[in-house]
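**Q** Input: one structure, supplied below.
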Amino acid sequence: MENNIAKLRKKNKITQQKLADKVHVTRQTIISLEFERYNPSLELAYKITKALKKRNIEEVFNLKKINI
Amino acid sequence: MNKKNYLWRYVFAVVLILAGLILSYLNIRKAFLVFSSLGSWLIYIGFIMLAVITLQLISNKKRLVDERMQFIATKAARITFIGIILFSFIIIILDGIKSINIAYSYFMSYLICGILLLYLISYKILLRFN
């Protein structure tokens, strides 16, 4: 899953630690998310979207390929 | 960890010490692991447990466990489980080639240490690369 966490975080001037504290995860988890090594749960994805001041989850996360 | 969990762990440690004292008092003894008897081993384990619980209670460090860590812990547990099966298979084959003569208490001690070590190593590696 692709995400714009790093881009939006820098835009909002939030550090990785601050974002991690806001969504109650470790800084390592934020790093893993930014490097797209880990796909978050729906709950965490919503929390991150809210912390990055976005309304829609698609503005932060999107699937690379959708095969339906 | 909440207070109830600490209480149960304290109770368990005290039970171990009491069991050790009873066994020592009744003089039920046989060389057990590196200890003189099973009783002294139980007392030793009980005191170690008491010390660990007390240290945890004093430090009271709040550790954050997030969903990624839980995910990695599940993966590490799966690897450990496969490791146990593979190890058991190897032991069966080795025993078939040449009988393994080792005290059951030693074997289980090694097995438990091995399981813990395998879990810890796989968890740390997964944590680093996930």
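Here, A, B, ... name the chains of the structure tokens in the order displayed, residue numbers run from 1 inside each chain, and ligands are numbered from 1 in the same displayed order.
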Once you count only C-alpha atoms, which residues of chain A turn out to be within 8 Å of chain B? Could you give them as a compact mmCIF listing (two decimals) with N, CA and C atoms, in the first residue's frame?

**A**
# COMPACT_ATOMS: atom_id res chain seq x y z
N HIS A 24 -0.54 6.99 19.14
CA HIS A 24 -0.20 5.96 20.13
C HIS A 24 0.53 4.75 19.54
N VAL A 25 1.56 5.03 18.76
CA VAL A 25 2.43 3.96 18.28
C VAL A 25 3.88 4.39 18.52
N THR A 26 4.82 3.50 18.22
CA THR A 26 6.23 3.87 18.40
C THR A 26 6.72 4.61 17.14
N THR A 29 7.35 2.45 14.16
CA THR A 29 6.18 2.09 13.35
C THR A 29 5.92 3.16 12.29
N SER A 32 8.47 2.61 9.60
CA SER A 32 8.08 1.47 8.76
C SER A 32 6.95 1.82 7.81
N ARG A 37 6.93 -0.52 4.53
CA ARG A 37 7.29 -1.88 4.91
C ARG A 37 6.16 -2.54 5.69
N TYR A 38 5.26 -1.72 6.16
CA TYR A 38 4.17 -2.23 7.00
C TYR A 38 2.84 -1.58 6.60
N PRO A 40 -0.82 -0.55 7.74
CA PRO A 40 -1.52 -0.36 9.03
C PRO A 40 -2.92 -0.96 9.03
N SER A 41 -3.46 -1.12 10.24
CA SER A 41 -4.85 -1.56 10.36
C SER A 41 -5.74 -0.38 9.95

**Q** Could you give me, as a PyMOL selection string, the residues within 8 Å of Ala51 of chain A, counting only C-alpha atoms and dropping anything in the same chain fewer than 2 positions from it?

**A** chain A and resi 19+22-23+47-49+53-54

**Q** Just to be explicit: take each residue in the selection above, keep N, CA and C atoms, and write the result as a PDB file, in the first residue's frame.

**A**
ATOM      1  N   LEU A  19       3.996  12.581  15.665  1.00  0.00           N
ATOM      2  CA  LEU A  19       2.928  11.823  15.002  1.00  0.00           C
ATOM      3  C   LEU A  19       2.699  10.489  15.710  1.00  0.00           C
ATOM      4  N   LYS A  22       0.813  11.032  18.829  1.00  0.00           N
ATOM      5  CA  LYS A  22      -0.591  11.365  18.548  1.00  0.00           C
ATOM      6  C   LYS A  22      -1.440  10.131  18.270  1.00  0.00           C
ATOM      7  N   VAL A  23      -0.859   9.165  17.568  1.00  0.00           N
ATOM      8  CA  VAL A  23      -1.634   7.973  17.188  1.00  0.00           C
ATOM      9  C   VAL A  23      -1.322   6.750  18.064  1.00  0.00           C
ATOM     10  N   LYS A  47      -6.648   6.993  12.229  1.00  0.00           N
ATOM     11  CA  LYS A  47      -6.001   7.859  13.230  1.00  0.00           C
ATOM     12  C   LYS A  47      -4.932   8.729  12.573  1.00  0.00           C
ATOM     13  N   ILE A  48      -4.138   8.126  11.689  1.00  0.00           N
ATOM     14  CA  ILE A  48      -3.079   8.873  11.004  1.00  0.00           C
ATOM     15  C   ILE A  48      -3.688   9.940  10.091  1.00  0.00           C
ATOM     16  N   THR A  49      -4.755   9.570   9.404  1.00  0.00           N
ATOM     17  CA  THR A  49      -5.435  10.519   8.518  1.00  0.00           C
ATOM     18  C   THR A  49      -5.902  11.739   9.316  1.00  0.00           C
ATOM     19  N   LYS A  53      -4.492  15.877   9.539  1.00  0.00           N
ATOM     20  CA  LYS A  53      -5.523  16.866   9.189  1.00  0.00           C
ATOM     21  C   LYS A  53      -6.122  16.645   7.802  1.00  0.00           C
ATOM     22  N   LYS A  54      -6.407  15.405   7.501  1.00  0.00           N
ATOM     23  CA  LYS A  54      -7.059  15.072   6.236  1.00  0.00           C
ATOM     24  C   LYS A  54      -8.403  14.423   6.527  1.00  0.00           C
TER      25      LYS A  54
END

**Q** With distances taken over only C-alpha atoms, which of A:Leu8, A:Ala20, A:Ile31, A:Met1 is nearest to Leu52 of chain A?

**A**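 For Leu52 of chain A, the nearest of the given residues is A:Leu8.
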
**Q** As a PyMOL selection string, please: every residue in chain B that DSSP puts in helix (DSSP H, G or I).

**A** chain B and resi 3-25+38-59+67-97+104-129

**Q** Let's see if you can do this: from backbone DSSP, list all strand (DSSP E or B) residues in chain A, as a tab-separated table (two decimals) with N, CA and C atoms, in the first residue's frame.

**A**
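Ended up saving to selection36.tsv:
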chain	number	residue	atom	x	y	z
A	2	GLU	N	0.56	2.17	-0.89
A	2	GLU	CA	1.32	3.43	-0.95
A	2	GLU	C	0.75	4.42	0.06
A	3	ASN	N	1.57	5.34	0.52
A	3	ASN	CA	1.04	6.38	1.41
A	3	ASN	C	1.84	7.68	1.27
A	61	PHE	N	-3.62	7.22	2.18
A	61	PHE	CA	-3.28	5.85	1.75
A	61	PHE	C	-3.98	5.51	0.44
A	62	ASN	N	-3.28	4.75	-0.40
A	62	ASN	CA	-3.94	4.21	-1.59
A	62	ASN	C	-3.27	2.92	-2.05

**Q** Name all residues at most 6 Å from Val60 of chain A (count only C-alpha atoms; drop same-chain ones fewer than 2 positions away) and give them as a list of chain:residue names.

**A**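 After dropping sequence-adjacent residues, the list is A:Asn3, A:Asn4, A:Ile57, A:Glu58.
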
**Q** Looking at only C-alpha atoms, which of B:Leu116, B:Leu42, B:Asn5, B:Phe35 is the one that sits closest to Ile22 of chain B?

**A** B:Leu42

**Q** What does the structure give for the distance between atom CA of Ala13 of chain B and atom CA of Trp41 of chain B, in Å to one decimal?

**A**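 Atom CA of Trp41 of chain B lies at a distance of 12.5 Å from atom CA of Ala13 of chain B.
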
**Q** Could you state the separation of atom CA of Ser37 of chain B and atom CA of Tyr10 of chain B in Å, given to one decimal place?

**A**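 We find that atom CA of Ser37 of chain B and atom CA of Tyr10 of chain B lie 23.1 Å from each other.
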
**Q** Skip Thr15 of chain A itself and residues of its chain fewer than 6 positions away, then list as a PyMOL selection string all residues within 10 Å of it, counting only C-alpha atoms.

**A** chain A and resi 6+9+21+27

**Q** Take the residues that were just selected and, keeping N, CA and C atoms, output them as a short mmCIF file (atom, residue, chain, number, x, y, z; two decimals), in the first residue's frame.

**A**
data_model
loop_
_atom_site.label_atom_id
_atom_site.label_comp_id
_atom_site.auth_asym_id
_atom_site.auth_seq_id
_atom_site.Cartn_x
_atom_site.Cartn_y
_atom_site.Cartn_z
N ALA A 6 4.92 10.71 4.88
CA ALA A 6 6.13 11.55 5.01
C ALA A 6 5.88 12.95 4.43
N ARG A 9 3.33 14.82 6.57
CA ARG A 9 3.92 15.12 7.87
C ARG A 9 4.83 16.34 7.78
N ASP A 21 3.29 9.80 18.84
CA ASP A 21 2.61 10.06 20.12
C ASP A 21 1.12 10.33 19.92
N ARG A 27 7.85 5.31 17.30
CA ARG A 27 8.42 6.05 16.16
C ARG A 27 8.85 5.07 15.06
#

**Q** Would you kindly return, as a list in words, each protein, DNA or RNA residue with an atom no farther than 12 Å from any atom of Gly83 of chain B, considering only C-alpha atoms and excluding same-chain residues fewer than 3 positions away?

**A**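 Listing them by chain and then by number gives Ala76, Ala77, Arg78, Ile79, Thr80, Leu86, Phe87, Ser88, Phe89, Ile90, Leu111, Gly114, Ile115, Leu116, Leu117, Leu118, Tyr119 and Ser122 of chain B.
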
**Q** Can I get the selection written as a PDB file, in the first residue's frame, with C-alpha atoms?

**A**
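Once written, again_19.pdb looks like this:
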ATOM      1  CA  ALA B  76       7.973 -14.602  15.757  1.00  0.00           C
ATOM      2  CA  ALA B  77       5.681 -17.061  17.577  1.00  0.00           C
ATOM      3  CA  ARG B  78       4.950 -18.799  14.259  1.00  0.00           C
ATOM      4  CA  ILE B  79       8.679 -19.085  13.496  1.00  0.00           C
ATOM      5  CA  THR B  80       9.300 -20.447  17.009  1.00  0.00           C
ATOM      6  CA  LEU B  86      11.928 -29.057  13.228  1.00  0.00           C
ATOM      7  CA  PHE B  87      13.959 -29.508  16.409  1.00  0.00           C
ATOM      8  CA  SER B  88      11.693 -32.366  17.559  1.00  0.00           C
ATOM      9  CA  PHE B  89      12.063 -34.025  14.156  1.00  0.00           C
ATOM     10  CA  ILE B  90      15.875 -33.761  14.328  1.00  0.00           C
ATOM     11  CA  LEU B 111      14.389 -26.875  25.352  1.00  0.00           C
ATOM     12  CA  GLY B 114      16.144 -22.690  23.259  1.00  0.00           C
ATOM     13  CA  ILE B 115      12.503 -21.728  22.667  1.00  0.00           C
ATOM     14  CA  LEU B 116      12.942 -18.402  24.480  1.00  0.00           C
ATOM     15  CA  LEU B 117      16.178 -17.664  22.629  1.00  0.00           C
ATOM     16  CA  LEU B 118      14.678 -18.519  19.229  1.00  0.00           C
ATOM     17  CA  TYR B 119      11.635 -16.341  19.940  1.00  0.00           C
ATOM     18  CA  SER B 122      13.355 -13.947  15.541  1.00  0.00           C
TER      19      SER B 122
END
